[in-house]
>>> print(open('entry.txt').read())   # compact mmCIF, C-alpha atoms and all ligand atoms
# COMPACT_ATOMS: atom_id res chain seq x y z
CA MET P 1 131.57 280.06 154.64
CA ALA P 2 134.40 282.38 155.49
CA SER P 3 136.74 281.11 158.15
CA GLU P 4 136.73 282.85 161.48
CA LEU P 5 139.03 285.83 161.76
CA ASP P 6 141.12 285.73 164.90
CA LEU P 7 141.50 289.25 166.20
CA SER P 8 142.79 288.19 169.58
CA ARG P 9 145.51 290.34 171.08
CA ASP P 10 147.19 287.18 172.38
CA ARG P 11 148.62 286.52 168.95
CA LEU P 12 150.42 289.79 169.30
CA ASP P 13 152.41 288.95 172.37
CA ALA P 14 154.98 286.62 170.96
CA PRO P 15 158.11 285.65 172.95
CA PHE P 16 160.23 286.62 169.96
CA ALA P 17 158.76 290.11 169.95
CA ARG P 18 159.48 290.42 173.67
CA ARG P 19 163.06 289.26 173.18
CA VAL P 20 163.60 291.88 170.50
CA GLU P 21 162.04 294.48 172.77
CA GLU P 22 164.36 293.48 175.60
CA LEU P 23 167.44 293.78 173.43
CA SER P 24 166.45 296.98 171.68
CA GLY P 25 164.62 298.76 174.47
CA GLU P 26 161.98 299.66 171.86
CA ASN P 27 158.39 298.44 172.10
CA PRO P 28 157.52 296.95 168.70
CA TYR P 29 153.81 297.37 169.40
CA ALA P 30 154.16 301.13 169.55
CA CYS P 31 154.46 301.05 165.75
CA TYR P 32 151.21 301.59 163.86
CA GLN P 33 152.65 300.77 160.44
CA CYS P 34 152.38 304.19 158.89
CA GLY P 35 155.45 303.54 156.73
CA LYS P 36 157.16 306.90 157.30
CA CYS P 37 160.37 305.15 158.32
CA SER P 38 160.50 303.23 155.04
CA ALA P 39 159.65 306.29 152.98
CA GLY P 40 162.68 308.13 154.31
CA CYS P 41 165.18 305.29 154.62
CA PRO P 42 168.03 306.00 152.19
CA PHE P 43 168.74 302.27 151.93
CA ALA P 44 165.20 300.93 151.45
CA ASP P 45 165.86 300.12 147.77
CA TYR P 46 168.44 297.56 148.80
CA MET P 47 166.41 295.84 151.52
CA ASP P 48 164.51 292.58 151.09
CA ALA P 49 161.87 293.91 153.49
CA LEU P 50 161.16 297.57 154.21
CA PRO P 51 161.89 298.85 157.72
CA ASN P 52 158.18 298.94 158.64
CA GLN P 53 157.76 295.39 157.30
CA VAL P 54 160.66 294.20 159.40
CA LEU P 55 158.92 295.70 162.40
CA ARG P 56 155.64 294.05 161.38
CA LEU P 57 157.30 290.63 161.36
CA VAL P 58 158.62 291.33 164.83
CA GLN P 59 155.14 292.35 166.02
CA LEU P 60 153.82 289.05 164.70
CA GLY P 61 156.59 287.15 166.44
CA ASP P 62 157.82 285.84 163.11
CA GLU P 63 161.42 284.70 163.52
CA SER P 64 161.95 284.66 159.77
CA ALA P 65 162.91 288.31 160.37
CA LEU P 66 166.30 286.96 161.47
CA ALA P 67 167.07 285.62 158.02
CA LEU P 68 166.43 288.94 156.26
CA SER P 69 169.25 290.94 154.78
CA ALA P 70 167.49 294.24 155.64
CA PRO P 71 169.09 294.63 159.08
CA TRP P 72 172.52 294.21 157.44
CA VAL P 73 171.78 296.86 154.88
CA CYS P 74 170.64 299.28 157.59
CA ALA P 75 173.53 301.66 158.27
CA SER P 76 172.17 302.91 161.63
CA CYS P 77 171.80 306.37 160.14
CA LEU P 78 168.80 307.06 162.41
CA ALA P 79 166.81 308.93 159.76
CA CYS P 80 163.85 306.70 160.70
CA ALA P 81 164.36 307.26 164.40
CA VAL P 82 164.12 311.05 164.22
CA ARG P 83 161.03 310.88 161.99
CA CYS P 84 158.83 308.17 163.51
CA PRO P 85 155.60 309.77 164.76
CA LYS P 86 155.40 307.11 167.48
CA GLY P 87 158.95 307.63 168.66
CA VAL P 88 160.09 304.14 167.67
CA ASP P 89 163.83 303.90 167.06
CA ILE P 90 163.87 301.19 164.39
CA ALA P 91 167.64 301.38 164.19
CA LYS P 92 167.60 299.75 167.63
CA THR P 93 165.21 297.06 166.45
CA MET P 94 167.51 296.39 163.49
CA GLU P 95 170.46 296.13 165.87
CA ALA P 96 168.55 293.66 168.06
CA LEU P 97 167.86 291.50 164.98
CA ARG P 98 171.51 291.61 163.94
CA ILE P 99 172.59 290.61 167.42
CA LEU P 100 170.08 287.76 167.67
CA ALA P 101 171.09 286.48 164.24
CA LEU P 102 174.77 286.65 165.18
CA ARG P 103 174.22 284.96 168.52
CA LYS P 104 172.21 282.19 166.87
CA GLY P 105 174.84 281.82 164.19
CA ILE P 106 172.50 282.56 161.30
CA SER P 107 174.02 285.84 160.23
CA PRO P 108 173.35 286.88 156.64
CA ALA P 109 175.95 289.63 157.06
CA PRO P 110 177.85 290.64 153.93
CA ALA P 111 180.90 288.43 153.66
CA GLY P 112 183.09 290.25 151.15
CA ILE P 113 185.50 293.09 151.76
CA ASP P 114 185.77 296.03 149.38
CA ARG P 115 189.26 297.48 149.36
CA PRO P 116 190.58 300.00 150.08
CA TYR P 117 188.80 301.00 153.25
CA PRO P 118 189.77 303.35 156.08
CA GLN P 119 190.37 301.98 159.59
CA ILE P 120 187.35 303.88 160.88
CA ALA P 121 185.09 301.85 158.56
CA LEU P 122 186.76 298.57 159.44
CA VAL P 123 186.31 299.19 163.16
CA GLY P 124 182.67 300.10 162.54
CA ALA P 125 182.05 297.04 160.42
CA TYR P 126 183.58 294.56 162.81
CA ARG P 127 181.63 296.05 165.68
CA LYS P 128 178.42 295.64 163.72
CA LEU P 129 179.13 292.31 162.05
CA THR P 130 180.55 290.27 164.93
CA PRO P 131 178.75 289.07 168.08
CA MET I 1 194.24 330.29 178.00
CA LYS I 2 191.36 327.97 178.63
CA ARG I 3 192.31 324.32 179.08
CA LEU I 4 190.27 321.82 177.09
CA ALA I 5 190.71 318.05 177.11
CA TYR I 6 190.86 316.62 173.61
CA PHE I 7 190.11 313.13 172.32
CA PRO I 8 191.60 312.82 168.83
CA GLY I 9 190.56 309.32 167.82
CA CYS I 10 192.57 307.28 165.36
CA ALA I 11 191.45 309.05 162.20
CA MET I 12 192.92 312.40 163.34
CA LYS I 13 196.33 310.77 163.58
CA ASP I 14 196.10 309.21 160.17
CA GLN I 15 193.71 309.95 157.35
CA ALA I 16 192.26 313.13 158.89
CA ARG I 17 195.59 314.77 159.96
CA PRO I 18 194.83 318.02 158.12
CA ASP I 19 191.64 318.34 160.20
CA GLU I 20 193.54 318.07 163.46
CA ALA I 21 196.32 320.40 162.33
CA GLY I 22 193.92 323.13 161.22
CA THR I 23 191.74 322.81 164.30
CA LEU I 24 194.64 322.99 166.75
CA HIS I 25 196.03 326.04 164.95
CA ALA I 26 192.66 327.80 165.14
CA LEU I 27 191.84 326.85 168.73
CA ALA I 28 195.20 328.13 169.94
CA LEU I 29 194.42 331.50 168.37
CA LEU I 30 191.02 331.43 170.02
CA GLY I 31 192.65 331.07 173.43
CA TYR I 32 192.41 327.35 174.09
CA GLU I 33 195.11 325.22 175.58
CA ILE I 34 194.34 321.85 174.07
CA ALA I 35 195.31 318.90 176.28
CA GLU I 36 195.25 315.60 174.43
CA ILE I 37 194.05 312.92 176.81
CA PRO I 38 196.78 310.44 177.79
CA ARG I 39 196.68 306.84 176.54
CA TRP I 40 193.43 307.25 174.69
CA ASN I 41 192.03 304.31 172.79
CA CYS I 42 189.64 303.88 169.90
CA CYS I 43 186.11 304.73 170.95
CA GLY I 44 184.74 301.97 168.75
CA THR I 45 183.35 304.21 166.01
CA VAL I 46 179.79 302.93 166.07
CA TYR I 47 177.62 303.25 169.12
CA SER I 48 176.06 300.00 170.27
CA LEU I 49 172.28 300.20 170.10
CA ALA I 50 171.66 297.09 172.21
CA GLN I 51 170.54 297.31 175.81
CA ASP I 52 172.51 294.31 177.13
CA ASP I 53 175.79 295.03 175.43
CA LEU I 54 177.91 296.78 178.08
CA MET I 55 181.11 295.38 176.55
CA ARG I 56 180.89 297.86 173.71
CA HIS I 57 180.87 300.76 176.15
CA VAL I 58 184.22 299.81 177.63
CA GLY I 59 186.16 301.62 174.89
CA PRO I 60 184.38 304.96 175.18
CA VAL I 61 184.24 304.78 178.99
CA ARG I 62 187.99 304.19 179.33
CA ASN I 63 188.52 307.43 177.45
CA LEU I 64 186.06 309.28 179.66
CA LEU I 65 187.83 307.86 182.70
CA ARG I 66 191.09 309.42 181.49
CA VAL I 67 189.34 312.76 181.13
CA GLN I 68 188.22 312.38 184.74
CA GLY I 69 191.83 311.54 185.65
CA MET I 70 192.96 314.84 184.13
CA GLY I 71 190.57 316.63 186.46
CA GLU I 72 188.52 317.84 183.52
CA LYS I 73 184.76 317.87 183.18
CA ARG I 74 184.45 317.77 179.42
CA VAL I 75 186.23 316.58 176.33
CA LEU I 76 186.43 317.85 172.78
CA ALA I 77 185.93 315.59 169.74
CA LEU I 78 186.42 316.54 166.10
CA CYS I 79 185.36 313.34 164.30
CA ALA I 80 181.56 313.19 164.06
CA MET I 81 181.57 309.49 164.84
CA CYS I 82 183.81 309.82 167.90
CA TYR I 83 181.57 312.62 169.09
CA GLY I 84 178.41 310.53 168.72
CA THR I 85 179.84 307.41 170.29
CA LEU I 86 181.48 309.15 173.26
CA ALA I 87 178.50 311.41 173.97
CA ARG I 88 175.98 308.59 173.81
CA SER I 89 178.05 306.18 175.88
CA ALA I 90 178.59 308.87 178.50
CA ARG I 91 174.81 309.17 178.81
CA PHE I 92 174.17 305.40 178.71
CA VAL I 93 176.46 304.61 181.63
CA GLN I 94 175.11 307.48 183.71
CA GLU I 95 172.51 305.00 184.99
CA PRO I 96 173.83 303.80 188.40
CA GLU I 97 173.42 300.05 187.83
CA ARG I 98 175.22 300.18 184.47
CA LEU I 99 177.92 302.37 185.93
CA ALA I 100 178.50 299.90 188.77
CA ARG I 101 178.73 296.97 186.36
CA ILE I 102 181.12 298.70 184.02
CA ASN I 103 183.34 299.80 186.90
CA ALA I 104 183.42 296.23 188.23
CA PHE I 105 184.47 295.06 184.80
CA LEU I 106 187.06 297.78 184.18
CA ASP I 107 188.68 297.08 187.53
CA THR I 108 190.75 300.27 187.45
CA GLU I 109 192.24 302.04 190.45
CA GLU I 110 189.76 304.82 190.17
CA ASP I 111 186.08 304.25 189.39
CA PHE I 112 184.45 306.21 186.65
CA ARG I 113 182.03 308.59 188.32
CA GLY I 114 180.23 309.78 185.22
CA GLY I 115 179.34 313.38 184.54
CA ILE I 116 181.83 314.00 181.73
CA GLY I 117 180.45 316.13 178.91
CA VAL I 118 181.43 315.66 175.28
CA VAL I 119 181.61 318.71 173.03
CA HIS I 120 182.03 318.92 169.31
CA LEU I 121 184.10 321.61 167.59
CA LEU I 122 180.97 323.07 166.00
CA THR I 123 179.10 323.61 169.25
CA LEU I 124 182.25 324.99 170.84
CA LEU I 125 182.57 327.57 168.07
CA ARG I 126 178.90 328.53 168.28
CA ASP I 127 178.20 328.46 172.01
CA GLU I 128 181.50 329.38 173.60
CA VAL I 129 183.60 331.24 171.07
CA GLY I 130 180.67 332.79 169.20
CA TYR I 131 180.38 333.23 165.44
CA GLU I 132 181.00 336.96 165.77
CA LYS I 133 184.50 336.35 167.17
CA LEU I 134 185.65 334.40 164.13
CA PRO I 135 186.08 337.14 161.48
CA SER I 136 188.63 339.04 163.57
CA HIS I 137 190.97 336.04 163.34
CA VAL I 138 190.59 335.52 159.62
CA LYS I 139 193.96 336.08 157.92
CA GLN I 140 192.92 334.84 154.49
CA SER I 141 189.25 334.98 153.60
CA LEU I 142 187.59 332.07 151.86
CA ASN I 143 186.65 334.80 149.50
CA GLY I 144 183.25 333.73 148.29
CA LEU I 145 184.19 330.07 147.82
CA LYS I 146 180.95 328.11 147.49
CA VAL I 147 180.71 325.36 150.05
CA ALA I 148 178.31 322.46 150.46
CA THR I 149 178.05 321.65 154.16
CA TYR I 150 177.78 317.90 154.58
CA TYR I 151 176.50 317.04 158.07
CA GLY I 152 175.82 313.35 157.49
CA CYS I 153 174.28 311.47 160.40
CA MET I 154 176.23 311.52 163.59
CA LEU I 155 176.23 315.27 164.15
CA LEU I 156 172.45 315.40 163.96
CA ARG I 157 171.03 312.08 165.10
CA PRO I 158 169.72 310.98 167.51
CA ARG I 159 167.97 314.19 168.49
CA GLU I 160 169.27 314.23 172.11
CA PHE I 161 172.85 314.49 170.86
CA ALA I 162 172.31 316.65 167.81
CA VAL I 163 174.66 319.63 167.54
CA ASP I 164 171.80 321.54 165.91
CA ASP I 165 168.24 321.11 164.59
CA PRO I 166 168.32 317.65 162.93
CA ASP I 167 166.19 318.82 160.00
CA ARG I 168 167.37 322.40 159.58
CA PRO I 169 170.91 322.69 160.89
CA GLU I 170 172.82 325.94 160.33
CA VAL I 171 175.84 325.82 162.60
CA MET I 172 178.29 324.71 159.90
CA GLU I 173 176.94 327.27 157.46
CA ARG I 174 177.29 330.07 160.01
CA VAL I 175 180.87 329.14 160.83
CA LEU I 176 181.88 328.99 157.18
CA GLU I 177 180.12 332.28 156.44
CA ALA I 178 182.14 333.89 159.20
CA LEU I 179 185.26 332.72 157.35
CA GLY I 180 184.14 334.31 154.10
CA ALA I 181 182.63 331.30 152.33
CA VAL I 182 179.17 331.12 150.78
CA PRO I 183 177.10 328.07 151.74
CA VAL I 184 175.02 326.73 148.86
CA PRO I 185 171.62 325.01 148.95
CA PHE I 186 172.33 321.32 149.53
CA PRO I 187 169.27 319.11 150.05
CA GLU I 188 171.26 315.91 150.68
CA ARG I 189 173.40 317.44 153.43
CA THR I 190 171.79 315.38 156.22
CA GLU I 191 171.43 312.10 154.30
CA CYS I 192 173.68 309.18 155.23
CA CYS I 193 176.53 308.28 152.89
CA GLY I 194 176.45 304.62 153.87
CA ALA I 195 179.07 304.77 156.61
CA TYR I 196 180.76 301.45 157.35
CA LEU I 197 178.74 299.67 154.64
CA THR I 198 181.72 300.79 152.58
CA VAL I 199 183.55 297.69 153.84
CA GLY I 200 181.15 295.07 152.48
CA ARG I 201 178.59 296.93 150.33
CA LYS I 202 180.56 299.39 148.27
CA ASP I 203 177.80 299.28 145.62
CA ILE I 204 175.30 300.89 148.00
CA VAL I 205 177.74 303.54 149.16
CA GLU I 206 178.61 304.50 145.58
CA GLU I 207 174.96 305.12 144.76
CA ARG I 208 174.51 307.25 147.90
CA VAL I 209 177.68 309.21 147.25
CA GLY I 210 176.63 309.91 143.66
CA ARG I 211 173.38 311.43 144.88
CA ILE I 212 175.09 313.50 147.56
CA LEU I 213 177.73 314.92 145.21
CA ARG I 214 175.18 315.72 142.49
CA SER I 215 173.10 317.53 145.08
CA ALA I 216 176.15 319.56 146.17
CA ARG I 217 177.11 320.42 142.63
CA GLY I 218 173.49 321.22 141.80
CA GLY I 219 173.68 324.01 144.36
CA GLY I 220 176.84 325.30 142.68
CA ALA I 221 179.38 324.12 145.25
CA ASP I 222 183.15 324.37 144.66
CA LEU I 223 183.86 322.04 147.55
CA VAL I 224 182.21 319.93 150.24
CA VAL I 225 183.01 320.40 153.92
CA THR I 226 182.50 317.65 156.51
CA THR I 227 183.58 316.75 160.05
CA CYS I 228 183.53 313.00 159.58
CA PRO I 229 186.55 311.06 158.29
CA LEU I 230 184.31 308.27 157.06
CA CYS I 231 182.14 310.67 155.08
CA GLN I 232 185.34 312.15 153.66
CA PHE I 233 186.58 308.75 152.56
CA ASN I 234 183.26 307.70 151.05
CA LEU I 235 182.67 310.98 149.22
CA THR I 236 186.08 310.80 147.59
CA GLU I 237 187.09 307.13 147.32
CA ARG I 238 183.62 305.79 146.59
CA ARG I 239 182.63 308.43 144.08
CA PRO I 240 181.04 306.80 141.04
CA PRO I 241 182.71 307.90 137.77
CA GLU I 242 179.72 309.93 136.57
CA ALA I 243 179.42 312.01 139.78
CA PRO I 244 181.11 315.44 140.02
CA PRO I 245 184.63 315.16 141.49
CA LEU I 246 184.26 317.82 144.18
CA PRO I 247 187.05 318.24 146.70
CA VAL I 248 185.94 317.15 150.18
CA LEU I 249 187.70 318.94 153.04
CA TYR I 250 187.42 318.85 156.79
CA LEU I 251 185.95 321.72 158.71
CA GLY I 252 189.14 322.09 160.77
CA GLN I 253 191.21 322.20 157.62
CA VAL I 254 189.18 325.10 156.25
CA LEU I 255 189.06 326.89 159.60
CA GLY I 256 192.81 326.55 160.07
CA TRP I 257 193.56 327.87 156.61
CA ALA I 258 191.35 330.89 157.10
CA PHE I 259 193.20 331.53 160.39
CA GLY I 260 196.52 331.54 158.56
CA ALA I 261 197.68 327.93 158.61
CA ASP I 262 199.39 326.55 155.55
CA GLU I 263 196.98 324.42 153.54
CA PRO I 264 197.84 323.79 149.89
CA THR I 265 194.47 322.27 148.91
CA ILE I 266 192.47 325.37 149.70
CA ALA I 267 195.02 327.75 148.25
CA ALA I 268 194.72 325.83 144.98
CA LEU I 269 190.93 326.03 145.07
CA LEU I 270 191.03 329.78 145.49
CA VAL I 271 193.07 330.36 142.36
CA GLY I 272 190.78 332.02 139.85
CA GLN I 273 188.27 333.06 142.50
CA PRO I 274 186.96 336.62 142.35
CA THR I 275 188.74 339.07 144.61
CA PRO I 276 186.72 340.62 147.45
CA GLY I 277 184.32 343.25 146.22
CA GLU I 278 183.84 341.65 142.84
CA PRO I 279 180.51 339.92 142.32
CA VAL I 280 180.59 336.20 142.99
CA SER I 281 179.70 334.22 139.87
CA SER I 282 176.46 332.28 139.78
CA GLY I 283 178.17 328.90 140.10
CA GLY I 284 177.13 325.96 137.98
CA ALA I 285 179.47 323.72 136.01
CA ARG I 286 183.13 324.61 135.91
S1 LIG R 301 157.49 305.43 161.23
FE1 LIG R 301 157.24 304.52 163.24
S2 LIG R 301 155.09 304.05 163.42
FE2 LIG R 301 155.48 304.45 161.27
S3 LIG R 301 155.85 302.41 160.44
FE3 LIG R 301 157.82 303.26 161.00
S4 LIG R 301 158.18 302.56 163.06
FE4 LIG R 301 156.04 302.25 162.64
S1 LIG R 302 168.58 303.56 160.58
FE1 LIG R 302 168.46 301.86 159.18
S2 LIG R 302 166.30 301.57 158.81
FE2 LIG R 302 166.53 303.56 159.72
S3 LIG R 302 166.61 304.94 158.01
FE3 LIG R 302 168.71 304.45 158.53
S4 LIG R 302 169.24 302.70 157.29
FE4 LIG R 302 167.01 302.91 157.22
S1 LIG R 303 185.44 306.69 165.83
FE1 LIG R 303 187.05 306.62 164.53
S2 LIG R 303 188.24 307.99 164.46
FE2 LIG R 303 186.97 307.87 166.26
S3 LIG R 303 188.44 306.67 167.51
FE3 LIG R 303 187.04 305.48 166.78
S4 LIG R 303 187.62 304.58 164.93
FE4 LIG R 303 188.89 306.11 165.46
S1 LIG R 304 177.21 310.35 156.74
FE1 LIG R 304 177.99 308.56 156.75
S2 LIG R 304 179.99 308.43 157.56
FE2 LIG R 304 179.19 310.32 157.89
S3 LIG R 304 178.29 310.40 159.86
FE3 LIG R 304 176.74 309.45 158.57
S4 LIG R 304 177.18 307.55 158.46
FE4 LIG R 304 178.84 308.81 159.15
>>> encode(input="entry.txt", output="structure tokens", more="lines below")
Ligand code: SF4
Ligand code: SF4
Ligand code: SF4
Ligand code: SF4
Amino acid sequence: MASELDLSRDRLDAPFARRVEELSGENPYACYQCGKCSAGCPFADYMDALPNQVLRLVQLGDESALALSAPWVCASCLACAVRCPKGVDIAKTMEALRILALRKGISPAPAGIDRPYPQIALVGAYRKLTP
Amino acid sequence: MKRLAYFPGCAMKDQARPDEAGTLHALALLGYEIAEIPRWNCCGTVYSLAQDDLMRHVGPVRNLLRVQGMGEKRVLALCAMCYGTLARSARFVQEPERLARINAFLDTEEDFRGGIGVVHLLTLLRDEVGYEKLPSHVKQSLNGLKVATYYGCMLLRPREFAVDDPDRPEVMERVLEALGAVPVPFPERTECCGAYLTVGRKDIVEERVGRILRSARGGGADLVVTTCPLCQFNLTERRPPEAPPLPVLYLGQVLGWAFGADEPTIAALLVGQPTPGEPVSSGGAR
């Protein structure tokens, strides 16, 4: 006999999701997983989870999202944000995940430095990669 | 003369000097008295997207406070990233509770009252100067030079701070047309180059830059024009060997040259260009 399928909405109100919402100001449950963000993300090929999948993990309250490299590959270009039909700014969700990972000390941020680089990039990188 | 407060940002004093020089030359001819804001500091380059992170607004707000101190209501930025960060921070701290907290933290003699506008060179040229005013100042026409207008991200996103339609911008094309250039079709003009990923993920940036440059060359461009020093760095220094080596110049550099400033790079590009009146060649590989 098939096991019971739990469709309860309670599963979708995880503390982790609320924390991410608080930090990002974006409601993760507004996303209906259409995938438009991932289709247009110029960096999706390099991510270990697509932007919509990252958001799905957040919806499910799955903290393994913090160990992903995807938020560190996201360049905050906002292509997803201007295209989302539900008005979700995933770049903000990605930033919230980076910040949580940094604050918890589990940052999978890129460690190397590619020289040469201009000061503008270095300032940008240290603002993004440090708590 | 119309006084206009100006925030240069670090790049304009270093890597992007030709942008500042050309812009200041042109704006003087257009009747602006440019007043660099005193004791400015780095705006922080990237805008913080977190809600609880007021610390990262201190940099931009200090600059806005100095604009207030000058008795000005708005400030000009040239760098696309400075523009984005300053404009968005100005809006973020407009909220009274945030403004009170940041003022308590800054602990300066004068509180920041908010209400400072941030303008980019492009919107200034379109909305205040007007495209139609530009040709009368042109001393040396760009003479049919084919330009790929690279907007990148910060000029167009997020929507509330976009200098033009985020999907179909035309302001840079219109300005360059007024200077005698011919904008080419350039599908990748609004796609991100990878920005600060250049510090730790050069591999990603190189792939992006290859696509962007091939797209520009595909349209027949002789050069790429941008307003962002980071785009300029990535498009030149992170160009993969197989991508076309197009020159990448700043908007202000091109504008200044057309208005008579000395600019060796553009002069060199124009050698071998058709003279006015002659048909412009169909582009393609050179
Ligand atoms: S585009 Fe918006 S709604 Fe669609 S998957 Fe992405 S975040 Fe969700
Ligand atoms: S902001 Fe991040 S997730 Fe969104 S399109 Fe750009 S790189 Fe992708
Ligand atoms: S954004 Fe850049 S150029 Fe602008 S001040 Fe900051 S680091 Fe410097
Ligand atoms: S294209 Fe690249 S560097 Fe330029 S504004 Fe976007 S992120 Fe910036």
>>> interface_residues(input="entry.txt", of="chain I", to="chain P", cutoff="10 Å", atoms="all atoms listed in the file", output="PyMOL selection string")
chain I and resi 9-11+14-15+42-53+56+81-82+152-154+156-160+166-167+190-205+207-208+228-231+233-234+237-238
>>> closest_residue(input="entry.txt", among="I:Cys79, I:Ile116, I:Leu269, I:Val58", to="ligand LIG 303 (chain R)", atoms="all atoms listed in the file")
I:Cys79
>>> atom_distance(input="entry.txt", atom1="atom CA of I:Val175", atom2="atom CA of I:Gly144")
13.6 Å
>>> atom_distance(input="entry.txt", atom1="atom CA of P:Leu50", atom2="atom S4 of ligand LIG 304 (chain R)")
19.3 Å
>>> residues_near_ligand(input="entry.txt", ligand="ligand LIG 301 (chain R)", cutoff="9 Å", atoms="only C-alpha atoms and all ligand atoms", output="tab-separated table (two decimals) with C-alpha atoms, keeping the file's coordinate frame")
chain	number	residue	atom	x	y	z
P	28	PRO	CA	157.52	296.95	168.70
P	29	TYR	CA	153.81	297.37	169.40
P	30	ALA	CA	154.16	301.13	169.55
P	31	CYS	CA	154.46	301.05	165.75
P	32	TYR	CA	151.21	301.59	163.86
P	33	GLN	CA	152.65	300.77	160.44
P	34	CYS	CA	152.38	304.19	158.89
P	35	GLY	CA	155.45	303.54	156.73
P	36	LYS	CA	157.16	306.90	157.30
P	37	CYS	CA	160.37	305.15	158.32
P	38	SER	CA	160.50	303.23	155.04
P	39	ALA	CA	159.65	306.29	152.98
P	51	PRO	CA	161.89	298.85	157.72
P	52	ASN	CA	158.18	298.94	158.64
P	53	GLN	CA	157.76	295.39	157.30
P	55	LEU	CA	158.92	295.70	162.40
P	56	ARG	CA	155.64	294.05	161.38
P	80	CYS	CA	163.85	306.70	160.70
P	81	ALA	CA	164.36	307.26	164.40
P	83	ARG	CA	161.03	310.88	161.99
P	84	CYS	CA	158.83	308.17	163.51
P	85	PRO	CA	155.60	309.77	164.76
P	86	LYS	CA	155.40	307.11	167.48
P	87	GLY	CA	158.95	307.63	168.66
P	88	VAL	CA	160.09	304.14	167.67
P	89	ASP	CA	163.83	303.90	167.06
P	90	ILE	CA	163.87	301.19	164.39
>>> atom_distance(input="entry.txt", atom1="atom CA of I:Gly22", atom2="atom CA of I:Gly252")
4.9 Å
>>> closest_residue(input="entry.txt", among="I:Lys133, I:Arg239, I:Arg98, I:Arg74", to="I:His120", atoms="all atoms listed in the file")
I:Arg74
>>> axis_aligned_box(input="entry.txt", around="ligand LIG 302 (chain R)", padding_each_side="6 Å", output="AutoDock Vina command-line options")
--center_x 167.8 --center_y 303.3 --center_z 158.9 --size_x 14.9 --size_y 15.4 --size_z 15.4
